[in-house]
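Enquirer: Attaching a single structure in structure tokens format; questions to follow.
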Amino acid sequence: MAFATGEAFDEMFSENVGDFTPIHCIYEHEAMELVKNGKADALMLDEPMARKWVSMNPELTIIYPSFAEYGFGAIFGKENADLRKNFNAFLKEIKENGIHDDMVKRWIDTVDSPPMPDIPLNGTNGVLTFASYGELEPFGFIVNGQPEGFDIELARRFAAYMDMDINISIMTWDALIPYVNAGKADFAASLFIINEEREQFVTFSDPYYTGGAVLVTKNSSGADTPQITPSFWKSLKISFENNLIKEDRWKMIVEGLQVSLIITFFAFALATLLGFGVCSLRMSKNRILNAIGSVYVTVLRGTPIVVLLMITFYVIFAKSSVSGITVAIIAFGANGSAFIGEIIRSAIMTIDKGQVEAARSMGFSKTGAFFTVTFPQAVRVAFPTYISEFVSTFKETAVVGYISIMDLTKAGDIIRSRTYDSFFPLIMVALVYLLAASVIIWIFNLINSKTNKRLRRAK
């Protein structure tokens with residue numbers, strides 16, 4: 001049985017069925033792929049989502065009736081009791097005047113998602129910050145680079161009710177509760193089932209929708225029905241149009257690549273500056289300074305970057321208004337400095353000390369001998385490893401989606417959630433990373449080649 005991480009469906013299924021082997025996936029569409037490929041017998045989903053997914057994947061079917069009914073609530077930080085009270089009053093009002101029923105008919109009772117209505121916001125009373133997960137159609141998804149869906153419309157209508165503007169952040173589902181708890185969002189909504197376990201960390205609004213869980217499995221009745229399979233090139237053309245051309249999805253890839261490159265360049269510049277400091281500590285004859293450098297390197301090299309990133313965002317900068325991109329630059333810069341510091345130190349240690357002594361005997365000061373003799377040679381020794389570390393940093397930025405940044409990998413995930421096609425988006429993202437990394441390596445090698453030529457001429 002396949003489930004998405006963080007859902008309470010495994011408990012529901014256990015209560016109704018009994019023993020089973022759970023397979024936990026990060027994303028719902030990944031769980032669906034397991035069912036389609038026969039690696040899982042079924043997937044448990046909210047009924048409105050299941051209808052949408054089955055309509056896009058005829059090889060799947062829904063098993064009725066639903067296992068359980070439950071309410072979805074918006075989540076608020078413990079300190080936002082007044083905002084929660086206002087939301088409940090707003091919810092009561094739209095249920096009484098028919099707006100809520102209209103939203104349910106447009107978004108949930110139909111397979112095809114409607115266009116997002118225009119909801120004017122004046123911002124008289126400030127800005128609401130709202131967080132959601134943009135991969136749960138029809139509740140929250142991305143169209144033309146903008147969030148849409150039932151939850152998004154609900155949040156915008158609440159902002160209008162409060163005479164406020166709204167700032168919407170899209171992130172991974174499991175990051176929403178920490179994001180709200182850290183005070184980075186006033187509230188969030190994304191199919192949060194109201195239960196006692198979650199109420200220990202956040203407060204729930206009244207239910208804004210009551211849903212039920214159903215099983216999605218392979219359609220055995222149609223297994224023997226012959227189907228027309230398009231040729232490889234026609235399939236490729238269809239995938240290209242669905243994943244890139246439709247809704248201008250290629251723009252998300254371009255924007256995601258830009259974000260990944262920005263984080264990489266600035267983080268690596270910071271890592272290089274800090275790396276020299278780390279190298280100085282590690283080469284210091286002072287035992288205390290050397291020990292500090294050793295501990296710094298050990299801790300940062302031994303901590304997974306995704307853990308360091310989340311600690312930086314949700315703990316160190318929890319109450320700060322610093323942007324996610326800035327936090328990512330700091331986290332990757334700190335992590336990279338430990339590696340670069342060791343690269344520089346190792347390169348310096350390869351230089352023959354006799355050259356330094358010869359320079360000192362010629363009248364150079366200790367500093368002058370270092371920058372004239374040791375440093376230029378150390379740079380040439382360290383450069384290949386330095387390039388590799390830069391490329392590694394670029395690839396490691398694939399995890400920044402955990403802190404609500406839409407990088408290249410996150411853009412691919414969003415496209416996958418809309419097209420239900422895993423092959424093309426994943427291959428496309430991999431090729432973009434490969435192409436970008438190849439260009440980066442070519443540029444660095446070109447710089448290295450020209451620098452070496454100048455050094456040879458100088459000799």
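Identifiers for the structure tokens are assigned positionally: chains receive A, B, ... in sequence, residues are indexed from 1 per chain, and ligands are indexed from 1 in the order shown.
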With 9 Å as the cut-off and only C-alpha atoms counted, what is the closest atom pair between each nearby residue of stretch 190-213 of chain A and stretch 40-59 of chain A? Distances in Å to one decimal, ordered by chain and number, as JSON lines.
Expert:
{"residue": "A:Leu191", "atom": "CA", "partner": "A:Asp46", "partner_atom": "CA", "distance": 8.6}
{"residue": "A:Gly211", "atom": "CA", "partner": "A:Asp46", "partner_atom": "CA", "distance": 6.6}
{"residue": "A:Gly212", "atom": "CA", "partner": "A:Asp46", "partner_atom": "CA", "distance": 5.7}
{"residue": "A:Ala213", "atom": "CA", "partner": "A:Asp46", "partner_atom": "CA", "distance": 4.6}
Enquirer: Quick one: DSSP strand (DSSP E) residues in stretch 122-271 of chain A, as a ChimeraX atom specification?
Expert: /A:127-132,135-136,140-143,146-148,165-170,187-188,203-204,209-218
Enquirer: Once you have the residues from the selection above, write them out as a short mmCIF file (atom, residue, chain, number, x, y, z; two decimals), in the first residue's frame, restricted to N, CA and C atoms.
Expert:
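Written file, result24.cif:
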data_model
loop_
_atom_site.label_atom_id
_atom_site.label_comp_id
_atom_site.auth_asym_id
_atom_site.auth_seq_id
_atom_site.Cartn_x
_atom_site.Cartn_y
_atom_site.Cartn_z
N VAL A 127 -0.58 42.78 4.88
CA VAL A 127 -0.40 41.61 4.02
C VAL A 127 -0.48 40.33 4.84
N LEU A 128 -1.31 39.40 4.37
CA LEU A 128 -1.37 38.06 4.96
C LEU A 128 -0.32 37.18 4.30
N THR A 129 0.35 36.35 5.07
CA THR A 129 1.27 35.38 4.48
C THR A 129 0.63 34.00 4.59
N PHE A 130 0.51 33.35 3.46
CA PHE A 130 -0.19 32.06 3.37
C PHE A 130 0.73 31.04 2.72
N ALA A 131 0.74 29.83 3.24
CA ALA A 131 1.58 28.76 2.70
C ALA A 131 0.72 27.59 2.26
N SER A 132 1.12 26.95 1.18
CA SER A 132 0.38 25.81 0.68
C SER A 132 1.32 24.89 -0.10
N GLU A 135 0.95 20.89 -5.27
CA GLU A 135 0.94 19.68 -6.10
C GLU A 135 -0.26 18.80 -5.76
N LEU A 136 -1.39 19.43 -5.37
CA LEU A 136 -2.57 18.67 -4.96
C LEU A 136 -3.81 19.18 -5.71
N GLY A 140 -4.74 22.69 -4.63
CA GLY A 140 -3.65 23.64 -4.82
C GLY A 140 -2.69 23.13 -5.88
N PHE A 141 -2.48 23.92 -6.94
CA PHE A 141 -1.59 23.51 -8.02
C PHE A 141 -1.12 24.75 -8.76
N ILE A 142 -0.17 24.58 -9.66
CA ILE A 142 0.44 25.70 -10.36
C ILE A 142 -0.02 25.74 -11.81
N VAL A 143 -0.49 26.90 -12.26
CA VAL A 143 -0.89 27.13 -13.66
C VAL A 143 -0.20 28.40 -14.14
N GLN A 146 1.57 30.37 -11.56
CA GLN A 146 0.81 30.96 -10.46
C GLN A 146 0.00 29.89 -9.73
N PRO A 147 -0.09 29.98 -8.39
CA PRO A 147 -0.88 29.00 -7.64
C PRO A 147 -2.38 29.19 -7.85
N GLU A 148 -3.08 28.08 -8.05
CA GLU A 148 -4.53 28.09 -8.20
C GLU A 148 -5.11 26.91 -7.43
N ASP A 165 -3.84 42.34 1.59
CA ASP A 165 -3.24 41.69 0.43
C ASP A 165 -2.73 40.33 0.90
N ILE A 166 -2.23 39.50 -0.02
CA ILE A 166 -1.77 38.17 0.39
C ILE A 166 -0.47 37.82 -0.32
N ASN A 167 0.41 37.18 0.42
CA ASN A 167 1.66 36.66 -0.13
C ASN A 167 1.64 35.15 0.03
N ILE A 168 1.67 34.43 -1.10
CA ILE A 168 1.52 32.97 -1.09
C ILE A 168 2.86 32.29 -1.32
N SER A 169 3.22 31.38 -0.42
CA SER A 169 4.45 30.59 -0.55
C SER A 169 4.08 29.14 -0.83
N ILE A 170 4.71 28.56 -1.84
CA ILE A 170 4.49 27.16 -2.18
C ILE A 170 5.71 26.35 -1.76
N PHE A 187 -0.89 31.55 8.19
CA PHE A 187 -1.68 30.32 8.19
C PHE A 187 -1.36 29.52 6.93
N ALA A 188 -1.83 28.28 6.90
CA ALA A 188 -1.58 27.40 5.76
C ALA A 188 -2.79 26.50 5.58
N THR A 203 -3.02 25.09 15.69
CA THR A 203 -4.46 25.11 15.92
C THR A 203 -5.17 25.06 14.58
N PHE A 204 -6.30 24.37 14.56
CA PHE A 204 -7.06 24.19 13.33
C PHE A 204 -8.25 25.14 13.29
N TYR A 209 -13.78 21.83 4.44
CA TYR A 209 -14.28 20.82 3.50
C TYR A 209 -14.23 19.47 4.20
N THR A 210 -15.28 18.67 3.98
CA THR A 210 -15.33 17.32 4.54
C THR A 210 -15.12 16.32 3.42
N GLY A 211 -14.09 15.51 3.57
CA GLY A 211 -13.74 14.58 2.50
C GLY A 211 -13.74 13.15 2.96
N GLY A 212 -13.36 12.27 2.04
CA GLY A 212 -13.28 10.85 2.34
C GLY A 212 -12.13 10.23 1.58
N ALA A 213 -11.56 9.17 2.14
CA ALA A 213 -10.42 8.51 1.51
C ALA A 213 -10.89 7.29 0.72
N VAL A 214 -10.36 7.13 -0.48
CA VAL A 214 -10.68 5.99 -1.32
C VAL A 214 -9.39 5.32 -1.78
N LEU A 215 -9.52 4.10 -2.26
CA LEU A 215 -8.38 3.38 -2.81
C LEU A 215 -8.32 3.56 -4.32
N VAL A 216 -7.12 3.77 -4.82
CA VAL A 216 -6.89 3.83 -6.27
C VAL A 216 -5.99 2.66 -6.62
N THR A 217 -6.41 1.85 -7.58
CA THR A 217 -5.65 0.67 -7.97
C THR A 217 -5.66 0.53 -9.49
N LYS A 218 -4.95 -0.45 -10.00
CA LYS A 218 -4.93 -0.66 -11.45
C LYS A 218 -6.27 -1.20 -11.91
#
Enquirer: Using only C-alpha atoms, which residues sit within 10 Å of stretch 269-273 of chain A once same-chain residues fewer than 2 positions away are excluded, as a PyMOL selection string?
Expert: chain A and resi 263-267+275-278+329-341+344+386+390
Enquirer: Just the residues within 12 Å of A:Ile427, please, counting only C-alpha atoms, with nothing from its chain fewer than 5 positions along; format it as number ranges by chain.
Expert: A: 236, 239-240, 243, 409, 412-413, 416, 421-422, 432-434
Enquirer: Just asking: which residues within stretch 217-327 of chain A are helix (DSSP H, G or I) according to DSSP, as a PyMOL selection string?
Expert: chain A and resi 220-222+232-248+250-283+287-302+305-316+324-327
Enquirer: Please provide the set of residues having any atom within 9 Å of stretch 346-359 of chain A, restricted to only C-alpha atoms, with same-chain residues fewer than 3 positions apart removed, written as a list of chain:residue names.
Expert: A:Gly341, A:Glu342, A:Ile343, A:Met362, A:Gly363, A:Phe364, A:Ser365, A:Lys366, A:Gly368, A:Ala369, A:Phe370, A:Thr372, A:Val373, A:Thr374, A:Phe375, A:Gln377, A:Ala378, A:Val379, A:Arg380, A:Val381, A:Ala382
Enquirer: Taking only C-alpha atoms into account, name the residue in A:Leu308, A:Ile414, A:Ile193, A:Val439 that is nearest to A:Trp250.
Expert: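 Using only C-alpha atoms, the shortest distance to A:Trp250 belongs to A:Ile414.
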Enquirer: Using only C-alpha atoms, determine which residues lie at most 10 Å from A:Ser260, disregarding the query and same-chain residues fewer than 5 positions distant; provide the list as a PDB file with N, CA and C atoms, in the first residue's frame.
Expert:
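out.pdb, written as the output of this step:
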ATOM      1  N   VAL A 254      13.092  27.410 -16.578  1.00  0.00           N
ATOM      2  CA  VAL A 254      14.063  28.502 -16.733  1.00  0.00           C
ATOM      3  C   VAL A 254      14.224  29.262 -15.421  1.00  0.00           C
ATOM      4  N   GLU A 255      13.097  29.596 -14.785  1.00  0.00           N
ATOM      5  CA  GLU A 255      13.157  30.326 -13.516  1.00  0.00           C
ATOM      6  C   GLU A 255      13.819  29.479 -12.429  1.00  0.00           C
ATOM      7  N   PHE A 265      26.246  30.352  -7.165  1.00  0.00           N
ATOM      8  CA  PHE A 265      27.318  31.339  -7.326  1.00  0.00           C
ATOM      9  C   PHE A 265      27.571  32.122  -6.039  1.00  0.00           C
ATOM     10  N   ILE A 325      16.029  32.200  -0.161  1.00  0.00           N
ATOM     11  CA  ILE A 325      17.220  32.162  -1.014  1.00  0.00           C
ATOM     12  C   ILE A 325      18.453  32.601  -0.231  1.00  0.00           C
ATOM     13  N   THR A 393      28.163  21.564  -5.487  1.00  0.00           N
ATOM     14  CA  THR A 393      27.274  22.527  -4.830  1.00  0.00           C
ATOM     15  C   THR A 393      26.065  22.823  -5.700  1.00  0.00           C
ATOM     16  N   PHE A 394      26.292  22.995  -6.994  1.00  0.00           N
ATOM     17  CA  PHE A 394      25.196  23.251  -7.934  1.00  0.00           C
ATOM     18  C   PHE A 394      24.176  22.115  -7.898  1.00  0.00           C
ATOM     19  N   LYS A 395      24.641  20.882  -7.902  1.00  0.00           N
ATOM     20  CA  LYS A 395      23.728  19.740  -7.883  1.00  0.00           C
ATOM     21  C   LYS A 395      23.034  19.596  -6.530  1.00  0.00           C
ATOM     22  N   GLU A 396      23.740  19.942  -5.460  1.00  0.00           N
ATOM     23  CA  GLU A 396      23.158  19.822  -4.120  1.00  0.00           C
ATOM     24  C   GLU A 396      22.034  20.824  -3.872  1.00  0.00           C
ATOM     25  N   THR A 397      21.983  21.892  -4.657  1.00  0.00           N
ATOM     26  CA  THR A 397      20.896  22.868  -4.482  1.00  0.00           C
ATOM     27  C   THR A 397      19.536  22.264  -4.806  1.00  0.00           C
ATOM     28  N   ALA A 398      19.518  21.033  -5.292  1.00  0.00           N
ATOM     29  CA  ALA A 398      18.254  20.357  -5.602  1.00  0.00           C
ATOM     30  C   ALA A 398      17.369  20.181  -4.370  1.00  0.00           C
ATOM     31  N   VAL A 400      16.737  22.584  -2.052  1.00  0.00           N
ATOM     32  CA  VAL A 400      16.246  23.844  -1.483  1.00  0.00           C
ATOM     33  C   VAL A 400      14.728  23.951  -1.515  1.00  0.00           C
ATOM     34  N   ILE A 405      11.610  27.169  -1.757  1.00  0.00           N
ATOM     35  CA  ILE A 405      12.273  27.797  -2.896  1.00  0.00           C
ATOM     36  C   ILE A 405      11.982  26.958  -4.134  1.00  0.00           C
ATOM     37  N   MET A 406      11.535  27.609  -5.210  1.00  0.00           N
ATOM     38  CA  MET A 406      11.271  26.868  -6.438  1.00  0.00           C
ATOM     39  C   MET A 406      12.528  26.858  -7.298  1.00  0.00           C
ATOM     40  N   ASP A 407      13.346  25.853  -7.073  1.00  0.00           N
ATOM     41  CA  ASP A 407      14.555  25.689  -7.871  1.00  0.00           C
ATOM     42  C   ASP A 407      14.249  24.791  -9.062  1.00  0.00           C
ATOM     43  N   LEU A 408      15.272  24.329  -9.735  1.00  0.00           N
ATOM     44  CA  LEU A 408      15.098  23.500 -10.925  1.00  0.00           C
ATOM     45  C   LEU A 408      14.393  22.184 -10.609  1.00  0.00           C
ATOM     46  N   THR A 409      14.815  21.509  -9.550  1.00  0.00           N
ATOM     47  CA  THR A 409      14.203  20.228  -9.186  1.00  0.00           C
ATOM     48  C   THR A 409      12.752  20.404  -8.765  1.00  0.00           C
ATOM     49  N   TYR A 433      20.459  19.922 -15.718  1.00  0.00           N
ATOM     50  CA  TYR A 433      21.582  19.905 -14.771  1.00  0.00           C
ATOM     51  C   TYR A 433      22.881  19.533 -15.479  1.00  0.00           C
TER      52      TYR A 433
END
Enquirer: Which residue is closest to A:Tyr70? Choose from A:Glu93, A:Lys39, A:Leu34, A:Asp206 and count only C-alpha atoms.
Expert: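 Going through A:Glu93, A:Lys39, A:Leu34, A:Asp206 one by one, the smallest distance to A:Tyr70 is for A:Asp206.
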Enquirer: Pick out the closest residue to A:Glu79 from this set: A:Asn181, A:Thr61, A:Ser320, A:Asn97. Count only C-alpha atoms.
Expert: A:Asn181
Enquirer: A:Asn195: which residues within 10 Å, counting only C-alpha atoms, same-chain residues fewer than 4 positions away excluded, as a list of chain:residue names?
Expert: A:Ala8, A:Tyr70, A:Gly71, A:Phe72, A:Gly73, A:Glu199, A:Gln200, A:Phe204
Enquirer: Of the candidates A:Ser66, A:Ser205, A:Ser392, A:Asn445, which shows the shortest atom-to-atom distance to A:Phe87, using only C-alpha atoms?
Expert: A:Ser205
Enquirer: With only C-alpha atoms as the basis for distance, which of A:Met171, A:Ala89, A:Leu154, A:Ala182 is at the shortest distance from A:Tyr27?
Expert: A:Met171
Enquirer: Just the number, please: distance in Å from atom CA of A:Phe317 to atom CA of A:Val180, one decimal.
Expert: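 Value for the atom CA of A:Phe317-atom CA of A:Val180 distance: 13.3 Å.
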Enquirer: Measure the distance from atom CA of A:Ile305 to atom CA of A:Ala437 in Å and round it to one decimal.
Expert: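 Atom CA of A:Ala437 lies 19.4 Å from atom CA of A:Ile305.
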